[in-house]
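Asks: Sharing work-v6.pdb here; it has PDB, C-alpha atoms.
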ATOM      1  CA  VAL F   1      58.166 -16.597   7.555  1.00  0.00           C
ATOM      2  CA  SER F   2      56.560 -16.807  10.937  1.00  0.00           C
ATOM      3  CA  VAL F   3      57.949 -19.170  13.482  1.00  0.00           C
ATOM      4  CA  GLY F   4      55.788 -20.412  16.340  1.00  0.00           C
ATOM      5  CA  GLY F   5      52.758 -18.382  15.235  1.00  0.00           C
ATOM      6  CA  GLU F   6      54.414 -14.989  15.678  1.00  0.00           C
ATOM      7  CA  GLY F   7      54.259 -12.431  12.879  1.00  0.00           C
ATOM      8  CA  ILE F   8      56.200  -9.270  12.097  1.00  0.00           C
ATOM      9  CA  PHE F   9      53.501  -7.053  13.691  1.00  0.00           C
ATOM     10  CA  ASP F  10      52.699  -7.026  17.384  1.00  0.00           C
ATOM     11  CA  ASP F  11      49.384  -6.383  19.168  1.00  0.00           C
ATOM     12  CA  SER F  12      50.240  -2.749  19.940  1.00  0.00           C
ATOM     13  CA  LEU F  13      49.488  -1.884  16.299  1.00  0.00           C
ATOM     14  CA  ARG F  14      45.915  -3.234  16.444  1.00  0.00           C
ATOM     15  CA  PRO F  15      43.078  -0.684  16.748  1.00  0.00           C
ATOM     16  CA  GLU F  16      41.295  -0.230  20.065  1.00  0.00           C
ATOM     17  CA  GLU F  17      38.466  -2.595  20.943  1.00  0.00           C
ATOM     18  CA  GLY F  18      35.954   0.237  21.188  1.00  0.00           C
ATOM     19  CA  TRP F  19      36.775   1.678  17.784  1.00  0.00           C
ATOM     20  CA  LYS F  20      33.686   2.071  15.611  1.00  0.00           C
ATOM     21  CA  ALA F  21      32.607   4.046  12.598  1.00  0.00           C
ATOM     22  CA  LYS F  22      31.898   7.736  13.047  1.00  0.00           C
ATOM     23  CA  PRO F  23      28.740   8.385  15.019  1.00  0.00           C
ATOM     24  CA  PHE F  24      25.743   9.407  12.922  1.00  0.00           C
ATOM     25  CA  LYS F  25      25.150  13.159  12.941  1.00  0.00           C
ATOM     26  CA  LYS F  26      21.765  14.332  14.067  1.00  0.00           C
ATOM     27  CA  GLU F  27      22.138  18.007  13.243  1.00  0.00           C
ATOM     28  CA  PRO F  28      21.124  19.473   9.879  1.00  0.00           C
ATOM     29  CA  MET F  29      23.991  19.945   7.431  1.00  0.00           C
ATOM     30  CA  LYS F  30      24.268  22.965   5.162  1.00  0.00           C
ATOM     31  CA  MET F  31      24.706  21.788   1.576  1.00  0.00           C
ATOM     32  CA  LYS F  32      24.694  25.250  -0.029  1.00  0.00           C
ATOM     33  CA  GLU F  33      23.036  28.601   0.563  1.00  0.00           C
ATOM     34  CA  GLY F  34      19.396  27.963   1.417  1.00  0.00           C
ATOM     35  CA  LEU F  35      19.689  24.165   1.180  1.00  0.00           C
ATOM     36  CA  TRP F  36      19.967  22.133   4.376  1.00  0.00           C
ATOM     37  CA  LEU F  37      19.982  18.356   4.654  1.00  0.00           C
ATOM     38  CA  MET F  38      18.646  16.559   7.706  1.00  0.00           C
ATOM     39  CA  PRO F  39      20.439  13.213   8.116  1.00  0.00           C
ATOM     40  CA  GLY F  40      18.075  10.258   8.355  1.00  0.00           C
ATOM     41  CA  ALA F  41      15.055  12.238   7.148  1.00  0.00           C
ATOM     42  CA  ALA F  42      14.812  10.162   3.962  1.00  0.00           C
ATOM     43  CA  ASP F  43      14.963   6.919   5.952  1.00  0.00           C
ATOM     44  CA  GLU F  44      12.023   7.739   8.204  1.00  0.00           C
ATOM     45  CA  LYS F  45       8.623   6.582   7.003  1.00  0.00           C
ATOM     46  CA  LYS F  46       5.742   8.965   7.354  1.00  0.00           C
ATOM     47  CA  GLU F  47       2.230   7.794   8.165  1.00  0.00           C
ATOM     48  CA  GLY F  48       0.780   9.287   4.979  1.00  0.00           C
ATOM     49  CA  ASP F  49       3.191   7.390   2.729  1.00  0.00           C
ATOM     50  CA  GLU F  50       1.443   4.025   3.073  1.00  0.00           C
ATOM     51  CA  PRO F  51      -1.427   3.165   0.746  1.00  0.00           C
ATOM     52  CA  PRO F  52      -4.803   2.941   2.489  1.00  0.00           C
ATOM     53  CA  SER F  53      -6.165  -0.483   3.337  1.00  0.00           C
ATOM     54  CA  ASP F  54      -9.193  -1.787   5.212  1.00  0.00           C
ATOM     55  CA  ASP F  55      -7.188  -3.596   7.878  1.00  0.00           C
ATOM     56  CA  LYS F  56      -5.427  -0.389   8.961  1.00  0.00           C
ATOM     57  CA  VAL F  57      -8.557   1.763   9.342  1.00  0.00           C
ATOM     58  CA  ASP F  58      -9.560   2.657  12.888  1.00  0.00           C
ATOM     59  CA  PHE F  59     -13.315   2.559  12.463  1.00  0.00           C
ATOM     60  CA  ASP F  60     -13.973   3.793  16.014  1.00  0.00           C
ATOM     61  CA  GLU F  61     -11.890   6.909  15.379  1.00  0.00           C
ATOM     62  CA  LEU F  62     -13.530   7.408  11.986  1.00  0.00           C
ATOM     63  CA  SER F  63     -17.042   7.199  13.429  1.00  0.00           C
ATOM     64  CA  ARG F  64     -16.056   9.627  16.202  1.00  0.00           C
ATOM     65  CA  GLU F  65     -14.776  12.165  13.663  1.00  0.00           C
ATOM     66  CA  ILE F  66     -17.927  11.792  11.542  1.00  0.00           C
ATOM     67  CA  ASN F  67     -20.107  12.373  14.605  1.00  0.00           C
ATOM     68  CA  GLU F  68     -18.084  15.487  15.493  1.00  0.00           C
ATOM     69  CA  LEU F  69     -18.559  16.797  11.959  1.00  0.00           C
ATOM     70  CA  LYS F  70     -22.284  16.073  12.184  1.00  0.00           C
ATOM     71  CA  GLU F  71     -22.580  18.069  15.425  1.00  0.00           C
ATOM     72  CA  ASP F  72     -20.191  20.920  14.599  1.00  0.00           C
ATOM     73  CA  ASP F  73     -21.079  21.664  10.961  1.00  0.00           C
ATOM     74  CA  PRO F  74     -24.331  20.084   9.707  1.00  0.00           C
ATOM     75  CA  SER F  75     -24.053  21.661   6.236  1.00  0.00           C
ATOM     76  CA  GLU F  76     -20.545  20.242   5.723  1.00  0.00           C
ATOM     77  CA  PHE F  77     -21.798  16.873   7.010  1.00  0.00           C
ATOM     78  CA  ALA F  78     -24.622  16.946   4.435  1.00  0.00           C
ATOM     79  CA  LYS F  79     -22.082  17.571   1.652  1.00  0.00           C
ATOM     80  CA  PHE F  80     -19.897  14.767   2.981  1.00  0.00           C
ATOM     81  CA  ARG F  81     -22.860  12.395   3.171  1.00  0.00           C
ATOM     82  CA  GLU F  82     -23.897  13.164  -0.429  1.00  0.00           C
ATOM     83  CA  LYS F  83     -20.331  12.580  -1.609  1.00  0.00           C
ATOM     84  CA  VAL F  84     -20.124   9.225   0.190  1.00  0.00           C
ATOM     85  CA  GLN F  85     -23.557   8.178  -1.091  1.00  0.00           C
ATOM     86  CA  LYS F  86     -22.562   9.030  -4.669  1.00  0.00           C
ATOM     87  CA  LYS F  87     -19.301   7.078  -4.336  1.00  0.00           C
ATOM     88  CA  LEU F  88     -21.163   4.048  -2.949  1.00  0.00           C
ATOM     89  CA  GLU F  89     -23.662   4.117  -5.825  1.00  0.00           C
ATOM     90  CA  GLU F  90     -20.774   4.275  -8.335  1.00  0.00           C
ATOM     91  CA  GLU F  91     -19.039   1.326  -6.667  1.00  0.00           C
ATOM     92  CA  ILE F  92     -22.267  -0.717  -6.635  1.00  0.00           C
ATOM     93  CA  ALA F  93     -22.895   0.075 -10.315  1.00  0.00           C
ATOM     94  CA  GLU F  94     -19.323  -0.982 -11.160  1.00  0.00           C
ATOM     95  CA  MET F  95     -19.722  -4.247  -9.223  1.00  0.00           C
ATOM     96  CA  ASP F  96     -23.062  -4.950 -10.962  1.00  0.00           C
ATOM     97  CA  LYS F  97     -21.438  -4.276 -14.338  1.00  0.00           C
ATOM     98  CA  GLN F  98     -18.616  -6.717 -13.562  1.00  0.00           C
ATOM     99  CA  ASP F  99     -21.098  -9.347 -12.363  1.00  0.00           C
ATOM    100  CA  ALA F 100     -23.141  -8.948 -15.567  1.00  0.00           C
ATOM    101  CA  GLU F 101     -20.003  -9.313 -17.714  1.00  0.00           C
ATOM    102  CA  GLU F 102     -18.996 -12.467 -15.838  1.00  0.00           C
ATOM    103  CA  ALA F 103     -22.512 -13.885 -16.144  1.00  0.00           C
ATOM    104  CA  GLY F 104     -22.485 -13.076 -19.866  1.00  0.00           C
ATOM    105  CA  LYS F 105     -19.189 -14.900 -20.303  1.00  0.00           C
ATOM    106  CA  GLU F 106     -20.473 -17.878 -18.319  1.00  0.00           C
ATOM    107  CA  GLY F 107     -23.736 -17.871 -20.296  1.00  0.00           C
ATOM    108  CA  ALA F 108     -21.858 -17.819 -23.602  1.00  0.00           C
ATOM    109  CA  ALA F 109     -19.651 -20.664 -22.425  1.00  0.00           C
ATOM    110  CA  ALA F 110     -22.721 -22.652 -21.318  1.00  0.00           C
ATOM    111  CA  GLU F 111     -24.440 -22.050 -24.676  1.00  0.00           C
ATOM    112  CA  LYS F 112     -21.323 -23.216 -26.530  1.00  0.00           C
ATOM    113  CA  ALA F 113     -21.069 -26.297 -24.306  1.00  0.00           C
ATOM    114  CA  GLY F 114     -24.770 -26.987 -24.863  1.00  0.00           C
ATOM    115  CA  ALA F 115     -24.334 -26.676 -28.630  1.00  0.00           C
ATOM    116  CA  ASP F 116     -21.364 -29.040 -28.514  1.00  0.00           C
ATOM    117  CA  GLU F 117     -23.358 -31.559 -26.488  1.00  0.00           C
ATOM    118  CA  ALA F 118     -26.312 -31.280 -28.891  1.00  0.00           C
ATOM    119  CA  ALA F 119     -24.036 -31.856 -31.862  1.00  0.00           C
ATOM    120  CA  ALA F 120     -22.526 -34.875 -30.141  1.00  0.00           C
ATOM    121  CA  ALA F 121     -25.971 -36.259 -29.342  1.00  0.00           C
ATOM    122  CA  GLU F 122     -27.170 -36.123 -32.985  1.00  0.00           C
ATOM    123  CA  PRO F 123     -26.903 -39.452 -34.754  1.00  0.00           C
ATOM    124  CA  GLN F 124     -24.083 -39.506 -37.220  1.00  0.00           C
ATOM    125  CA  PRO F 125     -24.687 -41.105 -40.596  1.00  0.00           C
ATOM    126  CA  VAL F 126     -22.874 -44.362 -40.969  1.00  0.00           C
ATOM    127  CA  GLU F 127     -21.449 -45.221 -44.321  1.00  0.00           C
ATOM    128  CA  SER F 128     -21.734 -48.799 -45.386  1.00  0.00           C
ATOM    129  CA  PRO F 129     -18.826 -50.381 -47.188  1.00  0.00           C
TER     130      PRO F 129
END
Please go through the file and, once you have read it, give me the structure as structure tokens.
Replies:
Amino acid sequence: VSVGGEGIFDDSLRPEEGWKAKPFKKEPMKMKEGLWLMPGAADEKKEGDEPPSDDKVDFDELSREINELKEDDPSEFAKFREKVQKKLEEEIAEMDKQDAEEAGKEGAAAEKAGADEAAAAEPQPVESP
């Protein structure tokens, strides 16, 4: 039982103030013959790991590289241009197809609504008692 706030251990048994966990190694570690592990390599993100998106594209850099390709290798540029043109045409065709499907669904819904309205507008026979 402690009296006056004193315990059975004194402050000399406490660890130093500067004591921390082991410092992180930065050298490669040999796991087995021919297999080395670089600490922290799995934690680092590489630029190529992120999925492409329009807001991360540097269009100035892209146009500069395309112009260099155009000047340095015209035949390769022609192949590149054909490939891009083909991809654009495919994308446009896909968008047109989706628009047509949506319009078809909307048209079918409008026809059904029109048929419902027409049925509601027809006079209903009234039975007399």
Asks: Near region 81-96 of chain F, counting all atoms listed in the file, which residues have an atom at most 10 Å away, once you skip same-chain residues fewer than 6 positions from it, shown as an MDAnalysis selection string?
Replies: chainID F and resid 66 70 75 102
Asks: Given the file shown, enumerate the residues that the PyMOL selection byres ((chain F and resi 27) around 8) captures and present them as number ranges by chain.
Replies: F: 25-26, 28-29, 38-39
Asks: Take CA of Glu76 (chain F) and CA of Val57 (chain F) and report the distance between them in Å, one decimal.
Replies: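 Atom-to-atom, CA of Glu76 (chain F) and CA of Val57 (chain F) are spaced 22.3 Å apart.
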Asks: Enter the distance from CA of Glu71 (chain F) to CA of Lys56 (chain F), in Å, rounded to one decimal.
Replies: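 Separation of CA of Glu71 (chain F) and CA of Lys56 (chain F): 26.0 Å.
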Asks: Please measure the separation of CA of Glu16 (chain F) and CA of Gly40 (chain F), giving the value in Å to one decimal.
Replies: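 According to the coordinates, CA of Glu16 (chain F) and CA of Gly40 (chain F) are separated by 28.0 Å.
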Asks: With distances taken over all atoms listed in the file, which residue among F:Pro15, F:Phe77, F:Asp10, F:Gln98 lies nearest Glu65 (chain F)?
Replies: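 Of F:Pro15, F:Phe77, F:Asp10, F:Gln98, the one nearest Glu65 (chain F), counting all atoms listed in the file, is F:Phe77.
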Asks: Could you rebuild region 81-113 of chain F with N, CA and C atoms and give it back as a PDB file, keeping the file's coordinate frame?
Replies:
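To be explicit, this is the file written out as selection-v2.pdb:
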ATOM      1  N   ARG F  81     -21.961  13.542   3.309  1.00  0.00           N
ATOM      2  CA  ARG F  81     -22.860  12.395   3.171  1.00  0.00           C
ATOM      3  C   ARG F  81     -23.261  12.173   1.714  1.00  0.00           C
ATOM      4  N   GLU F  82     -23.553  13.272   0.987  1.00  0.00           N
ATOM      5  CA  GLU F  82     -23.897  13.164  -0.429  1.00  0.00           C
ATOM      6  C   GLU F  82     -22.727  12.591  -1.232  1.00  0.00           C
ATOM      7  N   LYS F  83     -21.532  13.050  -0.904  1.00  0.00           N
ATOM      8  CA  LYS F  83     -20.331  12.580  -1.609  1.00  0.00           C
ATOM      9  C   LYS F  83     -20.127  11.080  -1.382  1.00  0.00           C
ATOM     10  N   VAL F  84     -20.288  10.645  -0.136  1.00  0.00           N
ATOM     11  CA  VAL F  84     -20.124   9.225   0.190  1.00  0.00           C
ATOM     12  C   VAL F  84     -21.215   8.398  -0.484  1.00  0.00           C
ATOM     13  N   GLN F  85     -22.450   8.898  -0.463  1.00  0.00           N
ATOM     14  CA  GLN F  85     -23.557   8.178  -1.091  1.00  0.00           C
ATOM     15  C   GLN F  85     -23.319   8.013  -2.590  1.00  0.00           C
ATOM     16  N   LYS F  86     -22.846   9.083  -3.236  1.00  0.00           N
ATOM     17  CA  LYS F  86     -22.562   9.030  -4.669  1.00  0.00           C
ATOM     18  C   LYS F  86     -21.467   8.008  -4.967  1.00  0.00           C
ATOM     19  N   LYS F  87     -20.413   8.015  -4.141  1.00  0.00           N
ATOM     20  CA  LYS F  87     -19.301   7.078  -4.336  1.00  0.00           C
ATOM     21  C   LYS F  87     -19.788   5.629  -4.163  1.00  0.00           C
ATOM     22  N   LEU F  88     -20.620   5.392  -3.165  1.00  0.00           N
ATOM     23  CA  LEU F  88     -21.163   4.048  -2.949  1.00  0.00           C
ATOM     24  C   LEU F  88     -21.993   3.587  -4.145  1.00  0.00           C
ATOM     25  N   GLU F  89     -22.834   4.477  -4.676  1.00  0.00           N
ATOM     26  CA  GLU F  89     -23.662   4.117  -5.825  1.00  0.00           C
ATOM     27  C   GLU F  89     -22.783   3.786  -7.034  1.00  0.00           C
ATOM     28  N   GLU F  90     -21.693   4.555  -7.230  1.00  0.00           N
ATOM     29  CA  GLU F  90     -20.774   4.275  -8.335  1.00  0.00           C
ATOM     30  C   GLU F  90     -20.111   2.912  -8.156  1.00  0.00           C
ATOM     31  N   GLU F  91     -19.685   2.614  -6.942  1.00  0.00           N
ATOM     32  CA  GLU F  91     -19.039   1.326  -6.667  1.00  0.00           C
ATOM     33  C   GLU F  91     -20.014   0.169  -6.901  1.00  0.00           C
ATOM     34  N   ILE F  92     -21.258   0.332  -6.456  1.00  0.00           N
ATOM     35  CA  ILE F  92     -22.267  -0.717  -6.635  1.00  0.00           C
ATOM     36  C   ILE F  92     -22.546  -0.925  -8.121  1.00  0.00           C
ATOM     37  N   ALA F  93     -22.655   0.183  -8.874  1.00  0.00           N
ATOM     38  CA  ALA F  93     -22.895   0.075 -10.315  1.00  0.00           C
ATOM     39  C   ALA F  93     -21.729  -0.640 -10.994  1.00  0.00           C
ATOM     40  N   GLU F  94     -20.506  -0.335 -10.585  1.00  0.00           N
ATOM     41  CA  GLU F  94     -19.323  -0.982 -11.160  1.00  0.00           C
ATOM     42  C   GLU F  94     -19.323  -2.478 -10.843  1.00  0.00           C
ATOM     43  N   MET F  95     -19.677  -2.832  -9.609  1.00  0.00           N
ATOM     44  CA  MET F  95     -19.722  -4.247  -9.223  1.00  0.00           C
ATOM     45  C   MET F  95     -20.809  -4.981 -10.010  1.00  0.00           C
ATOM     46  N   ASP F  96     -21.986  -4.337 -10.191  1.00  0.00           N
ATOM     47  CA  ASP F  96     -23.062  -4.950 -10.962  1.00  0.00           C
ATOM     48  C   ASP F  96     -22.639  -5.165 -12.414  1.00  0.00           C
ATOM     49  N   LYS F  97     -21.916  -4.178 -12.963  1.00  0.00           N
ATOM     50  CA  LYS F  97     -21.438  -4.276 -14.338  1.00  0.00           C
ATOM     51  C   LYS F  97     -20.474  -5.462 -14.483  1.00  0.00           C
ATOM     52  N   GLN F  98     -19.564  -5.602 -13.518  1.00  0.00           N
ATOM     53  CA  GLN F  98     -18.616  -6.717 -13.562  1.00  0.00           C
ATOM     54  C   GLN F  98     -19.334  -8.055 -13.424  1.00  0.00           C
ATOM     55  N   ASP F  99     -20.332  -8.111 -12.532  1.00  0.00           N
ATOM     56  CA  ASP F  99     -21.098  -9.347 -12.363  1.00  0.00           C
ATOM     57  C   ASP F  99     -21.836  -9.708 -13.650  1.00  0.00           C
ATOM     58  N   ALA F 100     -22.409  -8.697 -14.331  1.00  0.00           N
ATOM     59  CA  ALA F 100     -23.141  -8.948 -15.567  1.00  0.00           C
ATOM     60  C   ALA F 100     -22.184  -9.444 -16.653  1.00  0.00           C
ATOM     61  N   GLU F 101     -20.989  -8.865 -16.727  1.00  0.00           N
ATOM     62  CA  GLU F 101     -20.003  -9.313 -17.714  1.00  0.00           C
ATOM     63  C   GLU F 101     -19.587 -10.761 -17.452  1.00  0.00           C
ATOM     64  N   GLU F 102     -19.371 -11.088 -16.178  1.00  0.00           N
ATOM     65  CA  GLU F 102     -18.996 -12.467 -15.838  1.00  0.00           C
ATOM     66  C   GLU F 102     -20.123 -13.434 -16.153  1.00  0.00           C
ATOM     67  N   ALA F 103     -21.364 -13.025 -15.852  1.00  0.00           N
ATOM     68  CA  ALA F 103     -22.512 -13.885 -16.144  1.00  0.00           C
ATOM     69  C   ALA F 103     -22.669 -14.055 -17.647  1.00  0.00           C
ATOM     70  N   GLY F 104     -22.412 -12.994 -18.410  1.00  0.00           N
ATOM     71  CA  GLY F 104     -22.485 -13.076 -19.866  1.00  0.00           C
ATOM     72  C   GLY F 104     -21.446 -14.030 -20.413  1.00  0.00           C
ATOM     73  N   LYS F 105     -20.248 -13.983 -19.868  1.00  0.00           N
ATOM     74  CA  LYS F 105     -19.189 -14.900 -20.303  1.00  0.00           C
ATOM     75  C   LYS F 105     -19.550 -16.340 -19.946  1.00  0.00           C
ATOM     76  N   GLU F 106     -20.085 -16.531 -18.743  1.00  0.00           N
ATOM     77  CA  GLU F 106     -20.473 -17.878 -18.319  1.00  0.00           C
ATOM     78  C   GLU F 106     -21.642 -18.390 -19.168  1.00  0.00           C
ATOM     79  N   GLY F 107     -22.588 -17.486 -19.480  1.00  0.00           N
ATOM     80  CA  GLY F 107     -23.736 -17.871 -20.296  1.00  0.00           C
ATOM     81  C   GLY F 107     -23.296 -18.262 -21.695  1.00  0.00           C
ATOM     82  N   ALA F 108     -22.368 -17.502 -22.263  1.00  0.00           N
ATOM     83  CA  ALA F 108     -21.858 -17.819 -23.602  1.00  0.00           C
ATOM     84  C   ALA F 108     -21.123 -19.150 -23.581  1.00  0.00           C
ATOM     85  N   ALA F 109     -20.368 -19.395 -22.543  1.00  0.00           N
ATOM     86  CA  ALA F 109     -19.651 -20.664 -22.425  1.00  0.00           C
ATOM     87  C   ALA F 109     -20.636 -21.818 -22.270  1.00  0.00           C
ATOM     88  N   ALA F 110     -21.715 -21.601 -21.515  1.00  0.00           N
ATOM     89  CA  ALA F 110     -22.721 -22.652 -21.318  1.00  0.00           C
ATOM     90  C   ALA F 110     -23.453 -22.936 -22.627  1.00  0.00           C
ATOM     91  N   GLU F 111     -23.760 -21.864 -23.392  1.00  0.00           N
ATOM     92  CA  GLU F 111     -24.440 -22.050 -24.676  1.00  0.00           C
ATOM     93  C   GLU F 111     -23.547 -22.839 -25.632  1.00  0.00           C
ATOM     94  N   LYS F 112     -22.256 -22.513 -25.648  1.00  0.00           N
ATOM     95  CA  LYS F 112     -21.323 -23.216 -26.530  1.00  0.00           C
ATOM     96  C   LYS F 112     -21.227 -24.682 -26.111  1.00  0.00           C
ATOM     97  N   ALA F 113     -21.150 -24.921 -24.795  1.00  0.00           N
ATOM     98  CA  ALA F 113     -21.069 -26.297 -24.306  1.00  0.00           C
ATOM     99  C   ALA F 113     -22.353 -27.055 -24.645  1.00  0.00           C
TER     100      ALA F 113
END
